[in-house]
Amino acid sequence: MSQLFSWKWFHRLGSPRWFYQTSGKWLPWLSMLATGLLLVGLCWGLAFAPQDAKQGNSFRIIYIHVPASFLALAGYYVMAIAGAIGLIWKMKLADMVMKSAAPIGAVLTFVALVTGAIWGKPTWGTYWVWDARITSMLVLLFLYLGVIALQYSYSSQDAASKASAVLSLVGMVNIPIIYKSVDWWYTLHQPATIKFTEAPSMHPDMFQPLLVMILGFYCFYAVALILNTRVEVLCRERRTRWVQELVASKCT
Amino acid sequence: MLTTEPNTDLFSPNSLDLRALAFERDDRMLFSNVGVSLKSGDILQVEGPNGCGKTTLLRIITTALSPSAGQLLWQGQNISQVRQTFLHNLLFLGHLPGLKQALSPEENLIWWRRLNQSQAECCNNEVLARIGLRGYEDVPCFNLSAGQQRRAALARLLVTKASLWVLDEPFTAIDKQGVSELESLLTEHSARGGIIILSTHQDLGIPGIERLSLRHESLGQKALDQNSPFVVDVA
Amino acid sequence: MLTTEPNTDLFSPNSLDLRALAFERDDRMLFSNVGVSLKSGDILQVEGPNGCGKTTLLRIITTALSPSAGQLLWQGQNISQVRQTFLHNLLFLGHLPGLKQALSPEENLIWWRRLNQSQAECCNNEVLARIGLRGYEDVPCFNLSAGQQRRAALARLLVTKASLWVLDEPFTAIDKQGVSELESLLTEHSARGGIIILSTHQDLGIPGIERLSLRHESLGQKALDQNSPFVVDVA
Amino acid sequence: MFQFENIQEFIQMGGHGPYVWSAYLISLSVMIWLVVSPLRRKRKLLRDINRQQQREIAQQGTNSSSNLST
Amino acid sequence: MELGFSAIFRRDLLLAFRHRAEIANPVIFFLIVVTLVPLGLTPEASRLAEIAPGILWVMALLASLLSVEGMFQSDYRDGTLEQMIILPQPLYLMVLAKILVHWLVTGLPLTLLAPVLGMMLSLPEAGYLPLVFSLLMGTAVLSLVGAIGAALTVALKKGGLLLSLIVMPLYMPALIFGASTVQRAVDGFSVDGPLAVLGALLAFSLLVSPFATAGALRVSMHG
Amino acid sequence: MELGFSAIFRRDLLLAFRHRAEIANPVIFFLIVVTLVPLGLTPEASRLAEIAPGILWVMALLASLLSVEGMFQSDYRDGTLEQMIILPQPLYLMVLAKILVHWLVTGLPLTLLAPVLGMMLSLPEAGYLPLVFSLLMGTAVLSLVGAIGAALTVALKKGGLLLSLIVMPLYMPALIFGASTVQRAVDGFSVDGPLAVLGALLAFSLLVSPFATAGALRVSMHG
Ligand code: HEM
Ligand SMILES: Nc1ncnc2c1ncn2[C@@H]1O[C@H](COP(=O)(O)OP(=O)(O)OP(=O)(O)O)[C@@H](O)[C@H]1O
Ligand SMILES: Nc1ncnc2c1ncn2[C@@H]1O[C@H](COP(=O)(O)OP(=O)(O)OP(=O)(O)O)[C@@H](O)[C@H]1O
Ligand SMILES: [Mg+2]
Ligand SMILES: [Mg+2]
């Protein structure tokens with residue numbers, strides 16, 4: 001095993017120090033990109049996109065709701081895969097990424113739920129319905145919360161990472177099952193509007209700002225993940241020389 | 001009680017090497033550069049002040065924890081390669097007795113023997129009598145005193161085929177007679193070619209015992225803040 | 001660590017009498033006719049083989065168990081009449097350390113002091129340093145070694161105002177230096193006019209210690225079948 | 001093209017204003033928290049490490065010459 | 001006299017705070033279990049609305065029941081209980097402090113969460129306020145009554161489910177009046193009656209429970 | 001290889017038998033909690049019949065969940081787990097034995113009791129057989145999945161409710177298909193579909209759970 005993965009790049013990738021320094025260079029550009037995309041998308045979606053024929057202006061919630069939903073799901077996979085890498089190759093950086101990804105994913109799931117619930121009131125007349133996608137989103141929130149709670153319950157950082165990696169992997173296997181089963185159980189939610197195989201059933205004027213927002217959310221997710229991971233790196237490597245030197249050079 | 005006709009089966013020659021073991025817990029170096037070579041017949045007493053890492057070291061030897069650095073060799077081979085054979089030859093008794101409170105000493109012993117693939121039913125009563133539990137064979141363990149529970153756990157030493165014993169403070173709660181009987185049991189095992197590693201704060205009356213001292217360099221704040229490792233010397 | 005300038009406050013004279021105590025558990029007589037008189041300055045070591053009833057006797061003295069027969073007198077009065085004053089004067093440390101695992105030694109100590117109505121905030125760090133836990137004041141107890149946990153519990157001895165100490169195997173898991181420091185702490189307490197009752201299997205280096213041996217008459221089946229009580233003699 | 005006649009209408013959003021604005025406000029504030037909280041944690045962490053370094057320097061100082069201000 | 005009370009109160013709050021993640025637990029259990037109901041039953045809002053008052057109360061009761069188990073358990077395991085019993089202070093006051101903390105970290109959050117879950121189960125408007133009030137008093141009764149059971153079973157291995165057996169029957173009055181408070185409100189009747197009964201239950205258990213619990217703890221420790 | 005399995009299996013059965021009173025516990029919990037429902041909801045037979053399939057399944061799930069917590073706990077506390085991990089035998093087989101015993105002493109009795117409770121909740125005739133079959137398979141899935149959560153939380157103080165948080169989401173598919181088996185039978189539809197899915201879930205968790213649990217146990221012990 002150790003021989004198989006002793007390539008230089010893998011070690012470098014796994015080095016928290018390398019990550020800290022490289023991400024430091026990328027971060028300003030990425031955050032500028034994220035801010036720009038989000039601002040453009042927000043203005044476009046809130047003020048310039050045409051209003052929906054049936055739903056009126058409440059439809060503008062989509063520009064938050066859908067990107068947040070996408071990233072909530074994608075974030076779970078990011079977390080689980082990072083966990084798997086940490087578990088299998090004992091890469092510390094991956095553990096840190098997993099730990100940082102959990103709260104971000106949970107928050108985005110929360111955003112998807114809240115915006116969806118708020119959107120439900122004018123559209124369906126109720127804040128909550130037990131539909132497949134909504135329910136599985138709620139389950140996703142529970143899965144996130146479980147991982148976070150597990151992280152904070154262990155006293156040893158190593159054990160915490162491994163335990164939450166195991167849980168997030170089991171959860172990852174379960175997400176499709178849960179989704180399928182809830183879907184089978186009841187469906188009331190809107191059919192998928194964006195399919196990668198067909199043209200979107202949305203008007204392009206509405207769809208383009210959505211695309212901008214989705215891109216913006218992806219960038220935002222990356223920024224948040226990097227920021228959190230950087231703190232985690234500093235925190236866990238606080239006793240190493242490079243962090244000590246970094247602090248010494250910064251504070252004097 | 002423990003003085004019985006000595007079992008004369010000899011173990012085939014064994015060797016266990018700790019090579020430059022180090023252990024770091026939450027970024028604090030607990031000990032480093034621990035190296036000892038043990039062969040058949042050796043008894044090693046791990047000593048040191050409270051919190052110096054004796055229990056940690058023993059758990060590393062049982063492979064329950066992995067060291068941060070260094071190697072463990074069994075018969076000259078890295079332990080990860082021969083883990084199964086190594087575990088077959090290992091008996092570990094930790095701080096916790098590993099007894100089911102609801103079961104009697106006899107049932108606990110039977111179960112343990114079954115797990116270790118020895119004939120489980122043979123002469124358990126004799127074994128328990130030798131360890132000082134005559135009359136308590138079928139009392140549930142939660143009705144035993146501290147020392148009796150410890151004895152019920154120690155009964156395993158009498159029925160094991162393992163050649164390497166790792167014992168963490170085995171004398172806890174044992175009365176004086178029990179201590180001397182346990183000592184002769186250890187001597188006997190070493191005479192048969194077994195290896196024993198034990199941690200204890202008491203001085204033992206066993207001749208020819210080796211000692212490994214894990215010493216705290218400074219008990220104060222320093223040890224926490226800086227990575228000052230514990231100093232190790234083998235007497 | 002424990003050697004500090006001796007606290008010179010003397011306790012007012014105390015006396016504790018055990019009169020013909022007996023204890024029967026599930027129709028089996030564990031011991032009977034245990035009688036000792038203790039007064040200020042006395043140290044009593046309860047001895048005996050495993051399972052002879054030391055822990056039971058100590059728990060009777062703390063009033064947590066009631067004896068089947070016999071009386072306990074504090075200052076010459078039956079304990080049931082003066083239970084409150086008696087408990088005010090009592091410090092008990094049992095097999096279990098009574099530590100909250102999630103709290104640090106310092107927090108545990110503060111809490112215990114609060115419950116015992118002493119000023120809780122004063123010099124806890126010094127106390128913990130003296131007991132050998134410098135640098136571990138704010139580590140949660142589940143991250144301490146066996147001996148460190150024991151020390152965290154023993155820290156109470158340094159801040160208590162109780163004159164009667166009842167200690168069940170206080171030396172468990174404590175290293176050699178700790179044992180000798182604990183011994184001097186006990187001597188000091190007795191010099192100040194306190195009373196100490198402790199059970200241990202080790203020989204103590206304290207001069208003038210009294211011994212109470214609970215002896216198992218027959219370790220075998222007999223003790224279970226017949227009601228043969230343990231024989232008691234006070235050296 | 002701006003879809004609303006004036007700012008007033010923009011805020012009311014044809015009666016759906018409270019829904020839309022609360023959804024956006026909640027989301028944005030939570031997302032801003034996501035970015036701000038690591039920044040704050042990092043500042044605190046750097047301060048802690050720095051303070052510890054100072055303490056160690058001071059300790060080394062007192063070890064050699066006993067009366068140094070910390 | 002009050003020292004025992006405040007010492008225990010402060011320590012237990014500190015412990016609860018130290019285990020922050022665990023404070024959230026009964027609340028999360030409540031949340032999850034209420035989520036399970038539509039999955040097992042029906043997702044239709046109108047049918048959910050019918051059963052919402054009962055389900056909410058039953059599940060709050062279960063959440064409280066589960067958390068009651070730990071009330072004395074860790075104290076027992078680490079020997080603290082042994083110490084508490086031989087302290088020269090009234091045990092019932094210390095017990096009361098523990099019960100109070102238990103309510104603060106479980107009953108109160110449950111009560112505050114209930115309206116949200118009511119919304120998810122499409123509870124009709126009129127039910128929210130009575131739900132909160134009945135739970136406020138009801139969970140306190142549950143904590144008090146549960147403490148007795150927890151004390152009786154603390155020394156038993158795996159007492160957890162035996163506890164439910166002991167405590168459930170004692171929970172029933174609180175459940176009946178609590179759930180009917182909400183149901184009556186939803187149906188448009190006055191809720192003064194059941195609320196008054198809940199108040200009476202609370203006063204009564206406040207009087208009895210600390211003493212009964214203290215006694216039960218002594219019995220457990222003598223085992 | 002098989003020795004570890006059979007040794008653990010026999011010992012755990014013996015232990016369960018020694019604690020006979022505790023085997024009864026999940027069953028009694030199930031019984032009591034199902035009794036609570038009419039108290040909190042409605043005593044009308046027709047309305048109870050409507051919710052019976054769902055309530056029975058939800059409550060069986062809760063009963064199983066609560067008992068899952070103890071699966072490794074006592075082994076952890078008394079040091080047996082430490083021993084099991086360093087035995088020269090595959091841990092997953094021992095784990096499987098423990099899970100099997102758990103199912104035998106909780107899932108199976110729950111299943112057998114369910115028809116009686118169904119009667120108490122006026123479950124329509126057609127529902128009984130599907131109820132039993134779905135619970136038979138479903139509770140096995142619950143034991144298997146629950147074991148993972150129990151292993152992850154065994155070393156944590158007060159893991160009990162954290163366990164529910166972790167395990168509940170994983171329970172949902174079993175609940176959905178289990179409850180809908182019964183519901184469909186009551187409504188007169190074929191139950192082959194959901195039963196087949198339950199079977200698939202069982203097979204899948206049988207494959208995954210012992211390994212995941214063994215891994216989780218190792219992690220817990222290293223903490
Ligand atoms: C709490 C309530 C809600 C939740 C949890 C929720 C969840 C989700 C999720 C997870 C997605 C992404 C699906 C995917 O990636 O395939 C999504 C998409 C979407 N949601 Fe919701 N939703 C909620 C309420 C609503 C409401 C009330 C509406 C509007 C009436 C709505 C309209 C949409 C639309 C139009 C999409 C895009 C569809 C697609 O691209 O597949 N949602 N929602
Ligand atoms: N909870 C209990 N229920 C019934 N019997 C018990 C219980 N605890 C201990 N015993 C029995 O009572 C006797 C005395 O036990 P005790 O704990 O007092 O012994 P001890 O002298 O402290 O022994 P040790 O030196 O091993 O600590 C023992 O024979 C034991 O079997
Ligand atoms: N679970 C844990 N997590 C983090 N640190 C721990 C843990 N257990 C022990 N430690 C720390 O590791 C150090 C070594 O502990 P260990 O138990 O190995 O000591 P020991 O030599 O066995 O001491 P003792 O003589 O008291 O048994 C101690 O300083 C302790 O604080
Ligand atoms: Mg140790
Ligand atoms: Mg004893």
# chains A, B, ... in the order shown; residues from 1 in each chain; ligands from 1
>>> residues_near_ligand(ligand="ligand 4", cutoff="8 Å", atoms="only C-alpha atoms and all ligand atoms", output="PyMOL selection string")
(chain B and resi 50-51+53-56+95+168-169+199) or (chain C and resi 145-147+173)
>>> residues_around(residues="segment 11-24 of chain D", least_positions_apart="4", cutoff="10 Å", atoms="only C-alpha atoms", output="compact mmCIF listing (two decimals) with all heavy atoms, in the first residue's frame")
# COMPACT_ATOMS: atom_id res chain seq x y z
N LEU A 42 -27.84 37.55 -8.18
CA LEU A 42 -28.86 38.07 -7.28
C LEU A 42 -29.64 39.20 -7.94
O LEU A 42 -30.88 39.19 -7.96
CB LEU A 42 -28.20 38.61 -6.00
CG LEU A 42 -28.01 37.61 -4.86
CD1 LEU A 42 -27.36 38.30 -3.67
CD2 LEU A 42 -29.34 37.02 -4.47
N LEU A 46 -33.42 38.75 -8.91
CA LEU A 46 -34.40 39.46 -8.10
C LEU A 46 -35.12 40.53 -8.90
O LEU A 46 -36.33 40.74 -8.76
CB LEU A 46 -33.72 40.12 -6.91
CG LEU A 46 -33.60 39.26 -5.66
CD1 LEU A 46 -32.80 39.99 -4.60
CD2 LEU A 46 -34.98 38.93 -5.13
N ALA A 47 -34.35 41.21 -9.76
CA ALA A 47 -34.93 42.40 -10.37
C ALA A 47 -35.18 42.28 -11.87
O ALA A 47 -36.13 42.85 -12.38
CB ALA A 47 -34.02 43.60 -10.11
N GLN A 51 -41.17 37.59 -14.34
CA GLN A 51 -41.83 36.84 -13.28
C GLN A 51 -42.59 35.66 -13.86
O GLN A 51 -42.94 35.63 -15.04
CB GLN A 51 -42.75 37.74 -12.47
CG GLN A 51 -44.00 38.16 -13.21
CD GLN A 51 -44.85 39.01 -12.29
OE1 GLN A 51 -44.34 39.84 -11.54
NE2 GLN A 51 -46.15 38.82 -12.35
N GLN A 55 -46.72 31.48 -10.69
CA GLN A 55 -46.34 31.69 -9.29
C GLN A 55 -46.03 33.14 -8.98
O GLN A 55 -45.84 33.50 -7.82
CB GLN A 55 -45.11 30.84 -8.97
CG GLN A 55 -45.35 29.39 -9.22
CD GLN A 55 -44.18 28.55 -8.79
OE1 GLN A 55 -43.29 29.02 -8.11
NE2 GLN A 55 -44.19 27.31 -9.20
N GLY A 56 -45.96 33.98 -10.00
CA GLY A 56 -45.66 35.37 -9.73
C GLY A 56 -44.24 35.54 -9.25
O GLY A 56 -43.34 34.79 -9.62
N ASN A 57 -44.07 36.53 -8.36
CA ASN A 57 -42.71 36.86 -7.94
C ASN A 57 -42.13 35.88 -6.93
O ASN A 57 -40.93 35.87 -6.71
CB ASN A 57 -42.70 38.27 -7.37
CG ASN A 57 -42.72 39.29 -8.48
OD1 ASN A 57 -41.95 39.17 -9.42
ND2 ASN A 57 -43.61 40.26 -8.39
N SER A 58 -42.99 35.10 -6.27
CA SER A 58 -42.46 34.16 -5.28
C SER A 58 -41.49 33.19 -5.94
O SER A 58 -40.63 32.62 -5.29
CB SER A 58 -43.59 33.38 -4.62
OG SER A 58 -44.14 32.46 -5.54
N PHE A 59 -41.62 33.10 -7.25
CA PHE A 59 -40.77 32.20 -8.00
C PHE A 59 -39.29 32.59 -7.89
O PHE A 59 -38.41 31.76 -8.06
CB PHE A 59 -41.26 32.20 -9.45
CG PHE A 59 -40.19 32.16 -10.46
CD1 PHE A 59 -39.69 30.94 -10.89
CD2 PHE A 59 -39.67 33.33 -10.98
CE1 PHE A 59 -38.69 30.91 -11.82
CE2 PHE A 59 -38.68 33.30 -11.91
CZ PHE A 59 -38.18 32.09 -12.34
N ARG A 60 -39.05 33.86 -7.54
CA ARG A 60 -37.64 34.31 -7.47
C ARG A 60 -36.84 33.59 -6.39
O ARG A 60 -35.63 33.67 -6.36
CB ARG A 60 -37.59 35.81 -7.21
CG ARG A 60 -38.13 36.58 -8.40
CD ARG A 60 -38.13 38.06 -8.19
NE ARG A 60 -39.01 38.68 -9.18
CZ ARG A 60 -38.64 38.89 -10.43
NH1 ARG A 60 -37.43 38.56 -10.81
NH2 ARG A 60 -39.48 39.42 -11.29
N ILE A 61 -37.56 32.91 -5.51
CA ILE A 61 -36.84 32.14 -4.48
C ILE A 61 -36.01 31.04 -5.12
O ILE A 61 -35.03 30.58 -4.55
CB ILE A 61 -37.86 31.56 -3.46
CG1 ILE A 61 -38.53 32.71 -2.71
CG2 ILE A 61 -37.20 30.64 -2.46
CD1 ILE A 61 -39.60 32.27 -1.77
N ILE A 62 -36.41 30.65 -6.30
CA ILE A 62 -35.70 29.54 -6.96
C ILE A 62 -34.20 29.80 -7.06
O ILE A 62 -33.39 28.89 -7.00
CB ILE A 62 -36.29 29.28 -8.37
CG1 ILE A 62 -35.92 27.88 -8.84
CG2 ILE A 62 -35.80 30.30 -9.37
CD1 ILE A 62 -36.56 27.50 -10.14
N TYR A 63 -33.84 31.11 -7.18
CA TYR A 63 -32.43 31.42 -7.40
C TYR A 63 -31.57 31.13 -6.18
O TYR A 63 -30.34 31.11 -6.26
CB TYR A 63 -32.28 32.88 -7.86
CG TYR A 63 -32.99 33.09 -9.17
CD1 TYR A 63 -34.07 33.94 -9.27
CD2 TYR A 63 -32.58 32.38 -10.29
CE1 TYR A 63 -34.73 34.11 -10.46
CE2 TYR A 63 -33.25 32.53 -11.49
CZ TYR A 63 -34.31 33.39 -11.58
OH TYR A 63 -34.99 33.54 -12.75
N ILE A 64 -32.19 30.98 -5.04
CA ILE A 64 -31.44 30.50 -3.88
C ILE A 64 -31.71 29.02 -3.69
O ILE A 64 -30.80 28.22 -3.45
CB ILE A 64 -31.89 31.25 -2.60
CG1 ILE A 64 -31.63 32.73 -2.69
CG2 ILE A 64 -31.21 30.65 -1.38
CD1 ILE A 64 -30.27 33.12 -2.26
N HIS A 65 -32.97 28.67 -3.81
CA HIS A 65 -33.41 27.34 -3.44
C HIS A 65 -32.72 26.24 -4.24
O HIS A 65 -32.16 25.30 -3.67
CB HIS A 65 -34.93 27.26 -3.63
CG HIS A 65 -35.51 25.91 -3.43
ND1 HIS A 65 -35.67 25.37 -2.18
CD2 HIS A 65 -35.98 24.97 -4.29
CE1 HIS A 65 -36.21 24.17 -2.29
NE2 HIS A 65 -36.40 23.91 -3.57
N VAL A 111 -30.60 25.92 4.35
CA VAL A 111 -31.06 26.98 3.46
C VAL A 111 -32.07 26.43 2.45
O VAL A 111 -33.13 27.02 2.22
CB VAL A 111 -29.87 27.63 2.73
CG1 VAL A 111 -30.34 28.49 1.57
CG2 VAL A 111 -29.05 28.45 3.69
N ALA A 112 -31.76 25.27 1.88
CA ALA A 112 -32.68 24.68 0.91
C ALA A 112 -34.03 24.42 1.56
O ALA A 112 -35.09 24.70 0.98
CB ALA A 112 -32.10 23.38 0.36
N VAL A 114 -35.33 25.84 4.31
CA VAL A 114 -36.05 27.04 4.71
C VAL A 114 -36.62 27.76 3.49
O VAL A 114 -37.79 28.15 3.48
CB VAL A 114 -35.12 27.97 5.51
CG1 VAL A 114 -35.74 29.34 5.65
CG2 VAL A 114 -34.85 27.38 6.87
N THR A 115 -35.80 27.91 2.45
CA THR A 115 -36.32 28.61 1.28
C THR A 115 -37.47 27.82 0.66
O THR A 115 -38.47 28.39 0.24
CB THR A 115 -35.22 28.83 0.23
OG1 THR A 115 -34.58 27.58 -0.02
CG2 THR A 115 -34.21 29.83 0.70
N GLY A 116 -37.32 26.50 0.64
CA GLY A 116 -38.39 25.68 0.11
C GLY A 116 -39.67 25.85 0.91
O GLY A 116 -40.76 26.00 0.35
N ALA A 117 -39.51 25.85 2.25
CA ALA A 117 -40.68 25.98 3.10
C ALA A 117 -41.35 27.33 2.88
O ALA A 117 -42.57 27.42 2.74
CB ALA A 117 -40.29 25.81 4.56
N ILE A 118 -40.53 28.36 2.80
CA ILE A 118 -41.10 29.69 2.60
C ILE A 118 -41.80 29.76 1.24
O ILE A 118 -42.88 30.33 1.10
CB ILE A 118 -40.00 30.76 2.70
CG1 ILE A 118 -39.48 30.82 4.14
CG2 ILE A 118 -40.51 32.11 2.27
CD1 ILE A 118 -38.33 31.75 4.33
N TRP A 119 -41.19 29.16 0.27
CA TRP A 119 -41.76 29.14 -1.08
C TRP A 119 -43.08 28.37 -1.08
O TRP A 119 -44.03 28.70 -1.78
CB TRP A 119 -40.75 28.48 -2.02
CG TRP A 119 -41.04 28.66 -3.46
CD1 TRP A 119 -42.10 29.31 -4.02
CD2 TRP A 119 -40.23 28.19 -4.53
NE1 TRP A 119 -42.02 29.27 -5.37
CE2 TRP A 119 -40.87 28.59 -5.72
CE3 TRP A 119 -39.03 27.50 -4.62
CZ2 TRP A 119 -40.36 28.30 -6.98
CZ3 TRP A 119 -38.52 27.20 -5.86
CH2 TRP A 119 -39.18 27.60 -7.02
N GLY A 120 -43.13 27.32 -0.26
CA GLY A 120 -44.33 26.49 -0.22
C GLY A 120 -45.56 27.27 0.20
O GLY A 120 -46.65 27.03 -0.31
N LYS A 121 -45.40 28.22 1.10
CA LYS A 121 -46.58 28.93 1.62
C LYS A 121 -47.37 29.61 0.52
O LYS A 121 -48.57 29.35 0.38
CB LYS A 121 -46.13 29.92 2.70
CG LYS A 121 -47.28 30.54 3.46
CD LYS A 121 -47.98 29.51 4.36
CE LYS A 121 -49.15 30.16 5.07
NZ LYS A 121 -49.97 29.18 5.81
N PRO A 122 -46.75 30.47 -0.31
CA PRO A 122 -47.55 31.08 -1.37
C PRO A 122 -47.96 30.09 -2.47
O PRO A 122 -48.98 30.29 -3.12
CB PRO A 122 -46.64 32.17 -1.93
CG PRO A 122 -45.27 31.77 -1.56
CD PRO A 122 -45.38 31.03 -0.28
N GLN D 3 -37.83 44.66 -13.86
CA GLN D 3 -39.18 44.15 -13.99
C GLN D 3 -40.23 44.96 -13.24
O GLN D 3 -41.41 44.69 -13.35
CB GLN D 3 -39.22 42.70 -13.48
CG GLN D 3 -38.39 41.76 -14.30
CD GLN D 3 -39.04 41.48 -15.64
OE1 GLN D 3 -40.25 41.32 -15.74
NE2 GLN D 3 -38.24 41.47 -16.70
N PHE D 4 -39.79 45.89 -12.42
CA PHE D 4 -40.74 46.57 -11.55
C PHE D 4 -40.83 48.04 -11.89
O PHE D 4 -39.88 48.64 -12.39
CB PHE D 4 -40.33 46.40 -10.09
CG PHE D 4 -40.24 44.95 -9.69
CD1 PHE D 4 -39.04 44.26 -9.81
CD2 PHE D 4 -41.36 44.26 -9.24
CE1 PHE D 4 -38.95 42.93 -9.47
CE2 PHE D 4 -41.29 42.94 -8.90
CZ PHE D 4 -40.08 42.26 -9.01
N ASN D 6 -41.31 50.63 -9.76
CA ASN D 6 -40.49 51.45 -8.85
C ASN D 6 -40.00 50.59 -7.69
O ASN D 6 -40.33 49.41 -7.59
CB ASN D 6 -41.33 52.62 -8.31
CG ASN D 6 -42.66 52.11 -7.78
OD1 ASN D 6 -42.71 51.01 -7.19
ND2 ASN D 6 -43.72 52.86 -7.98
N ILE D 7 -39.24 51.25 -6.83
CA ILE D 7 -38.64 50.51 -5.71
C ILE D 7 -39.72 49.94 -4.80
O ILE D 7 -39.63 48.81 -4.31
CB ILE D 7 -37.70 51.44 -4.91
CG1 ILE D 7 -36.51 51.84 -5.77
CG2 ILE D 7 -37.22 50.77 -3.64
CD1 ILE D 7 -35.60 50.69 -6.15
N LEU D 28 -28.90 34.61 2.94
CA LEU D 28 -27.67 35.39 2.85
C LEU D 28 -27.00 35.50 4.20
O LEU D 28 -25.78 35.36 4.31
CB LEU D 28 -27.96 36.77 2.27
CG LEU D 28 -28.23 36.73 0.77
CD1 LEU D 28 -28.42 38.13 0.22
CD2 LEU D 28 -27.09 36.02 0.04
N SER D 29 -27.80 35.71 5.26
CA SER D 29 -27.13 35.88 6.55
C SER D 29 -26.45 34.57 6.98
O SER D 29 -25.33 34.60 7.49
CB SER D 29 -28.12 36.36 7.61
OG SER D 29 -29.26 35.56 7.60
N VAL D 30 -27.11 33.47 6.73
CA VAL D 30 -26.49 32.20 7.10
C VAL D 30 -25.22 31.97 6.29
O VAL D 30 -24.20 31.51 6.80
CB VAL D 30 -27.49 31.04 6.88
CG1 VAL D 30 -26.81 29.73 7.10
CG2 VAL D 30 -28.64 31.16 7.82
>>> atom_distance(atom1="atom CA of Pro67 of chain A", atom2="atom CA of Gly36 of chain A")
15.8 Å
>>> calpha_fit_rmsd(fixed="chain B", moving="chain C")
0.1 Å
>>> atom_distance(atom1="atom CA of Val247 of chain A", atom2="atom CA of Arg51 of chain D")
10.1 Å
>>> closest_atom_pairs(of="chain F", to="ligand 3", cutoff="12 Å", atoms="only C-alpha atoms and all ligand atoms", output="Markdown table")
| residue | atom | partner | partner_atom_place_in_ligand_line | distance |
| --- | --- | --- | --- | --- |
| F:Ala155 | CA | ligand 3 | 1 (N) | 10.2 |
| F:Leu156 | CA | ligand 3 | 1 (N) | 11.3 |
| F:Ser220 | CA | ligand 3 | 1 (N) | 10.7 |
| F:Met221 | CA | ligand 3 | 1 (N) | 9.4 |
| F:His222 | CA | ligand 3 | 1 (N) | 8.1 |
| F:Gly223 | CA | ligand 3 | 1 (N) | 5.9 |
